[in-house]
Structure formats: structure tokens, C-alpha cells
Amino acid sequence: MARKLGSAVAVTVLVLGVGLLPAQEATHATRPLVCVYRDGEHATYHMTASNKDVHRDLHYEADVASTVKKNSNGIYVEDFEWTALVTNQQPTPIPKGSDAIHQLLSRDPAFALSVPDLSKVPPMLIGPITDLLTFYVDLQLTVRDSKLSKAGDHFLFEYGKPASWADGAAVCVGEDSLDFDVSLVAIDAAKGIATTVVKHVPPSKPQIRKLADWTAVAVADTPNNWIQVVKLGPDSYLGQVGKETFEVRLETRLADGHLVSATLENFVDVLERTSKSQDLSNPGEGTRYRIVRKIELRETVAPTPPGK
């Protein structure tokens with residue numbers, strides 16, 4: 001499982017489709033962060049990732065291609081198709097052709113992003129899919145309400161609602177609760193690139209599920225905002241709780257907001273205990289450690305103009 005014993009998905013089911021200037025009308029002459037789409041535009045990306053903790057040292061690479069189109073509501077979306085996956089230097093088969101795994105995303109806040117049905121996704125693709133979704137959650141935030149107009153501008157989006165990555169099989173419970181600290185850190189007019197940083201931080205009152213009493217005791221210096229319960233076997237569960245943070249750096253084109261590259265650093269300070277019950281009562285001895293995940297996404301082929 002890409003998420004088993006791993007870190008959470010910072011996926012906010014964004015209810016952000018308000019306050020944005022018309023996406024197809026804005027230009028970088030008035031704002032450095034815009035959302036402009038061109039029907040039929042294509043792009044390809046390469047993702048590399050590492051996921052390390054006391055249980056594993058996982059590395060993967062994935063390729064994904066996108067095509068811009070309008071959905072049934074007239075909103076521009078990017079239809080991503082996952083085309084290749086390599087796990088710990090070994091090619092990993094994924095569905096192709098008519099069975100290929102697609103993912104609809106959009107930088108436009110009018111499009112409601114959501115976690116796909118992970119139970120129908122090949123396990124080793126869960127990580128790449130949810131990490132790409134995280135990038136698009138943050139891309140929507142950067143253009144929300146036109147709050148970032150010059151380098152140094154900043155706002156805090158207090159969200160906190162729990163997001164789940166439980167698959168109903170191995171991961172019985174998987175939730176995090178996060179706020180978003182968003183900054184426009186640089187504008188490079190010569191290169192036509194804007195750089196934004198989105199920090200995913202624990203809210204003052206996280207809203208993750210409450211299980212056994214021990215999961216409510218702070219593992220680090222803030223209230224716990226991350227919890228996971230993994231089923232190991234019959235009457236055998238692994239409970240994990242702790243503090244999670246992300247830092248996402250996005251490079252987008254000034255001309256249209258197209259994503260050029262993105263990086264993500266994700267840390268979870270974890271307390272882990274086994275239990276015979278899914279509610280994590282009567283746990284065993286605790287183990288503390290840190291999960292460290294690093295993701296990089298880079299465009300591999302410049303987007304093709306429509307009609308070519």
C-alpha cells in the first residue's frame with residue numbers, strides 16, 4: 001500500500017468556487033497568479049518520490065499526461081492519464097488502454113476537487129494520485145480571491161476539516177486536519193514564472209477522529225492532527241497518531257498559471273502502538289519515529305498548442 005504506514009493525504013474537498021475573477025479573463029498584467037486554460041492543450045510530467053520511516057524505504061517514479069477539456073458543467077479540467085510507474089527501480093504494471101487510470105483535476109476553484117475512490121486504484125498508484133491531487137488543491141488556493149498580487153503577499157486559510165485516505169481494506173482509518181499558510185515568494189518576469197509556497201499546518205483545534213484516549217495525547221508540540229489505523233490481520237491493528245506538516249513549492253507560468261514544477265516535503269512525528277481492536281483500546285508499548293516524504297513533479301514536454 002502506498003499509504004500503509006505512510007503519510008496522509010492533504011486533500012481538502014475544496015468548497016472554494018467563490019470569489020475568483022473569471023479564470024479565462026485574467027492576465028498577469030493585473031495579477032501574477034492566474035488560471036487560463038486552452039482547450040486541447042497537452043502536457044506531460046514526471047514524478048519522483050521517496051517515503052522513509054522505520055518500516056520502509058520506498059522510492060518511486062511515475063509518468064502522467066494531461067489533456068485540457070471542458071466538463072459537463074463547462075469548466076475547464078485537465079484529464080490526467082497515468083502512463084508508467086517504477087517502484088524501487090522495478091517497473092510496476094498499471095492498467096493501459098481503455099482500462100488506464102484517469103484523474104480529473106483543475107486549477108480553477110470552480111471545479112470541486114475530491115479524493116477518488118481509492119479502493120479501485122492499484123495500490124502503488126495511490127501515492128502518486130493523492131500527491132498530484134495535493135498539488136492541485138494548493139494551486140486552487142493560490143488563485144483564490146486574488147489575495148496574492150506581489151512577492152511577499154501572504155494569507156492563512158483556516159480549514160481544519162478532516163480529509164480521509166482510508167481504503168476500507170488495509171487502512172481502516174486515515175485522517176488528517178490542516179490549515180493552509182499561502183505565500184507568493186517570488187515573481188521572475190524574465191523567465192515568466194511565479195513561485196508560491198503553501199504550508200500545510202496543524203489547526204489550533206484539529207478535527208481528526210477520536211479513538212482511544214492515548215491518541216489524544218500530543219505527540220509533538222501541537223495537538224495531534226494525523227491518525228491512521230492499519231489492519232495487520234485478524235484481531236491485529238496498528239494505531240498511529242501524531243503531528244503532520246507539509247511544505248509545497250509551486251512554479252507556475254505568469255501567462256496562464258500552467259504548472260511547470262512542484263515539490264512537496266511532508267513530515268509526520270508518529271506514536272505507534274498495536275491493538276487487538278480497531279478502536280485501539282488496550283494498546284501495546286509505544287514506538288516513536290518520523291515519516292519523511294519528498295515528492296518532485298516536473299514538466300517533461302512543453303505543452304502543445306491546441307490543434308497541433
# chains A, B, ... in the order shown; residues from 1 in each chain; ligands from 1

$ residues_around --residues "Ile75 in chain A" --least-positions-apart "3" --cutoff "10 Å" --atoms "only C-alpha atoms" --output "NGL selection string"
:A and (23 or 37 or 69-72 or 106 or 108-111)

$ closest_residue --among "A:Asp131, A:Asp269, A:Asp213, A:Asp39" --to "Trp165 in chain A" --atoms "only C-alpha atoms"
A:Asp131

$ select_by_dssp --residues "range 32-278 of chain A" --states "alpha helix (DSSP H)" --output "list in words"
Ile126, Gly127, Pro128, Ile129, Thr130, Asp131, Leu132, Leu133, Thr134, Phe135, Tyr136, Val137, Asp138, Leu139, Gln140, Leu141, Thr142 and Val143 of chain A

$ closest_residue --among "A:Gly257, A:Gly152, A:Pro116, A:Pro203" --to "Asp167 in chain A" --atoms "only C-alpha atoms"
A:Pro116

$ residues_around --residues "Leu104 in chain A" --least-positions-apart "2" --cutoff "7 Å" --atoms "only C-alpha atoms" --output "list in words"
Val77, Glu78, Asp79, Phe80 and His102 of chain A

$ select_by_dssp --residues "range 72-296 of chain A" --states "strand (DSSP E)" --output "VMD selection string"
chain A and resid 76 to 87 90 to 91 102 to 105 154 to 157 163 to 164 171 to 176 179 to 188 193 to 201 226 to 233 236 to 253 259 to 275 287 to 296

$ closest_residue --among "A:Ile187, A:Ser177, A:Lys205, A:Leu125" --to "Val241 in chain A" --atoms "only C-alpha atoms"
A:Ser177

$ residues_around --residues "Thr245 in chain A" --least-positions-apart "3" --cutoff "12 Å" --atoms "only C-alpha atoms" --output "ChimeraX atom specification"
/A:7-10,176-181,198-203,220,222,224-226,242,248,264-270,290-293

$ write_last_selection --atoms "N, CA and C atoms" --output "compact mmCIF listing (two decimals), in the first residue's frame"
# COMPACT_ATOMS: atom_id res chain seq x y z
N SER A 7 2.37 8.56 4.97
CA SER A 7 1.79 9.79 5.43
C SER A 7 0.46 10.03 4.78
N ALA A 8 -0.21 11.00 5.31
CA ALA A 8 -1.57 11.25 4.92
C ALA A 8 -1.67 12.00 3.62
N VAL A 9 -2.89 12.16 3.22
CA VAL A 9 -3.19 12.91 2.02
C VAL A 9 -3.73 14.26 2.45
N ALA A 10 -3.03 15.31 2.10
CA ALA A 10 -3.53 16.64 2.46
C ALA A 10 -4.54 17.06 1.42
N ASP A 176 -6.34 13.38 8.35
CA ASP A 176 -5.55 14.49 8.84
C ASP A 176 -6.42 15.74 8.85
N SER A 177 -5.95 16.76 9.55
CA SER A 177 -6.67 18.02 9.69
C SER A 177 -5.64 19.13 9.55
N LEU A 178 -5.85 20.04 8.59
CA LEU A 178 -4.82 21.01 8.25
C LEU A 178 -5.40 22.38 7.92
N ASP A 179 -4.64 23.42 8.24
CA ASP A 179 -4.85 24.76 7.72
C ASP A 179 -3.78 25.04 6.68
N PHE A 180 -3.94 26.13 5.92
CA PHE A 180 -3.05 26.41 4.80
C PHE A 180 -2.47 27.82 4.90
N ASP A 181 -1.16 27.91 4.96
CA ASP A 181 -0.43 29.17 5.03
C ASP A 181 0.17 29.41 3.65
N VAL A 198 3.04 26.86 -0.16
CA VAL A 198 1.86 26.57 0.65
C VAL A 198 2.29 25.63 1.77
N LYS A 199 2.19 26.12 3.01
CA LYS A 199 2.50 25.30 4.17
C LYS A 199 1.20 24.75 4.75
N HIS A 200 1.15 23.43 4.89
CA HIS A 200 0.00 22.77 5.50
C HIS A 200 0.34 22.59 6.98
N VAL A 201 -0.40 23.24 7.84
CA VAL A 201 -0.02 23.30 9.25
C VAL A 201 -1.16 22.81 10.14
N PRO A 202 -0.84 22.33 11.35
CA PRO A 202 -1.90 21.87 12.25
C PRO A 202 -2.79 23.03 12.69
N PRO A 203 -4.11 22.84 12.66
CA PRO A 203 -5.01 23.86 13.20
C PRO A 203 -4.88 23.92 14.73
N ALA A 220 3.82 15.69 19.62
CA ALA A 220 4.84 16.72 19.42
C ALA A 220 4.40 18.01 20.13
N THR A 222 2.20 20.34 19.14
CA THR A 222 0.86 20.82 18.82
C THR A 222 -0.11 19.66 19.04
N ASN A 224 -2.45 16.62 18.17
CA ASN A 224 -2.33 15.68 17.06
C ASN A 224 -3.32 16.03 15.95
N ASN A 225 -2.82 16.03 14.70
CA ASN A 225 -3.69 16.32 13.56
C ASN A 225 -3.64 15.23 12.50
N TRP A 226 -3.12 14.05 12.87
CA TRP A 226 -2.96 12.92 11.93
C TRP A 226 -3.20 11.62 12.68
N GLY A 242 -0.20 11.44 15.41
CA GLY A 242 0.89 12.39 15.54
C GLY A 242 0.64 13.73 14.89
N VAL A 248 4.75 22.84 0.36
CA VAL A 248 4.63 22.65 -1.08
C VAL A 248 5.12 23.91 -1.78
N LEU A 264 7.21 18.81 -2.79
CA LEU A 264 6.47 18.62 -1.56
C LEU A 264 7.38 17.94 -0.55
N GLU A 265 7.43 18.50 0.65
CA GLU A 265 8.10 17.86 1.77
C GLU A 265 7.07 17.65 2.86
N ASN A 266 6.95 16.40 3.31
CA ASN A 266 5.89 16.00 4.24
C ASN A 266 6.55 15.27 5.41
N PHE A 267 6.25 15.75 6.62
CA PHE A 267 6.82 15.15 7.83
C PHE A 267 5.68 14.79 8.78
N VAL A 268 5.79 13.60 9.39
CA VAL A 268 4.85 13.19 10.43
C VAL A 268 5.64 12.65 11.61
N ASP A 269 5.46 13.28 12.78
CA ASP A 269 6.02 12.76 14.02
C ASP A 269 4.99 11.82 14.63
N VAL A 270 5.34 10.54 14.74
CA VAL A 270 4.38 9.47 14.99
C VAL A 270 4.61 8.78 16.33
N ARG A 290 9.72 9.21 12.91
CA ARG A 290 9.29 10.26 11.97
C ARG A 290 9.16 9.68 10.57
N ILE A 291 8.07 10.02 9.90
CA ILE A 291 7.88 9.73 8.48
C ILE A 291 8.39 10.93 7.70
N VAL A 292 9.18 10.67 6.68
CA VAL A 292 9.71 11.74 5.81
C VAL A 292 9.38 11.38 4.37
N ARG A 293 8.59 12.24 3.74
CA ARG A 293 8.25 12.04 2.32
C ARG A 293 8.69 13.26 1.53

$ closest_residue --among "A:Thr263, A:Gln240, A:Asn88, A:Gln103" --to "Tyr289 in chain A" --atoms "only C-alpha atoms"
A:Gln240

$ closest_residue --among "A:Ala84, A:Ala170, A:Leu238, A:Leu259" --to "Glu299 in chain A" --atoms "only C-alpha atoms"
A:Leu259

$ residues_around --residues "range 277-287 of chain A" --least-positions-apart "6" --cutoff "7 Å" --atoms "only C-alpha atoms" --output "list in words"
Leu211, Ala212, Asp235, Ser236, Tyr237, Gly239 and Leu271 of chain A

$ residues_around --residues "Tyr60 in chain A" --least-positions-apart "3" --cutoff "10 Å" --atoms "only C-alpha atoms" --output "VMD selection string"
chain A and resid 2 47 to 51 85 to 92 124 to 125 127 to 128 295

$ atom_distance --atom1 "CA of Ile129 in chain A" --atom2 "CA of Phe246 in chain A"
16.5 Å

$ decode --residues "range 176-218 of chain A" --atoms "C-alpha atoms" --output "mmCIF file, in the first residue's frame"
data_model
loop_
_atom_site.group_PDB
_atom_site.id
_atom_site.type_symbol
_atom_site.label_atom_id
_atom_site.label_comp_id
_atom_site.auth_asym_id
_atom_site.auth_seq_id
_atom_site.Cartn_x
_atom_site.Cartn_y
_atom_site.Cartn_z
ATOM 1 C CA ASP A 176 -5.552 14.494 8.839
ATOM 2 C CA SER A 177 -6.671 18.018 9.689
ATOM 3 C CA LEU A 178 -4.820 21.011 8.253
ATOM 4 C CA ASP A 179 -4.854 24.762 7.720
ATOM 5 C CA PHE A 180 -3.047 26.409 4.797
ATOM 6 C CA ASP A 181 -0.432 29.170 5.032
ATOM 7 C CA VAL A 182 -0.083 30.552 1.478
ATOM 8 C CA SER A 183 2.674 32.915 0.269
ATOM 9 C CA LEU A 184 3.750 34.371 -3.068
ATOM 10 C CA VAL A 185 7.516 34.254 -2.593
ATOM 11 C CA ALA A 186 8.908 35.313 -5.987
ATOM 12 C CA ILE A 187 7.997 36.679 -9.412
ATOM 13 C CA ASP A 188 10.568 36.173 -12.182
ATOM 14 C CA ALA A 189 9.357 38.338 -15.053
ATOM 15 C CA ALA A 190 12.338 37.386 -17.239
ATOM 16 C CA LYS A 191 11.523 33.682 -17.026
ATOM 17 C CA GLY A 192 7.777 34.262 -16.824
ATOM 18 C CA ILE A 193 7.491 32.237 -13.618
ATOM 19 C CA ALA A 194 5.773 32.814 -10.270
ATOM 20 C CA THR A 195 6.773 30.815 -7.182
ATOM 21 C CA THR A 196 4.329 30.190 -4.360
ATOM 22 C CA VAL A 197 4.762 28.238 -1.128
ATOM 23 C CA VAL A 198 1.863 26.568 0.649
ATOM 24 C CA LYS A 199 2.497 25.301 4.166
ATOM 25 C CA HIS A 200 0.001 22.765 5.498
ATOM 26 C CA VAL A 201 -0.017 23.302 9.251
ATOM 27 C CA PRO A 202 -1.895 21.868 12.249
ATOM 28 C CA PRO A 203 -5.010 23.860 13.204
ATOM 29 C CA SER A 204 -5.378 25.078 16.780
ATOM 30 C CA LYS A 205 -8.170 22.511 17.166
ATOM 31 C CA PRO A 206 -7.655 19.585 14.773
ATOM 32 C CA GLN A 207 -10.802 17.717 13.737
ATOM 33 C CA ILE A 208 -9.451 14.189 13.251
ATOM 34 C CA ARG A 209 -11.416 11.217 14.546
ATOM 35 C CA LYS A 210 -11.074 10.471 18.251
ATOM 36 C CA LEU A 211 -10.386 6.852 19.150
ATOM 37 C CA ALA A 212 -8.727 5.537 22.339
ATOM 38 C CA ASP A 213 -7.677 8.078 24.982
ATOM 39 C CA TRP A 214 -3.979 7.680 24.214
ATOM 40 C CA THR A 215 -4.467 9.053 20.676
ATOM 41 C CA ALA A 216 -5.486 12.438 22.155
ATOM 42 C CA VAL A 217 -2.147 12.955 23.950
ATOM 43 C CA ALA A 218 0.060 15.299 21.899
#
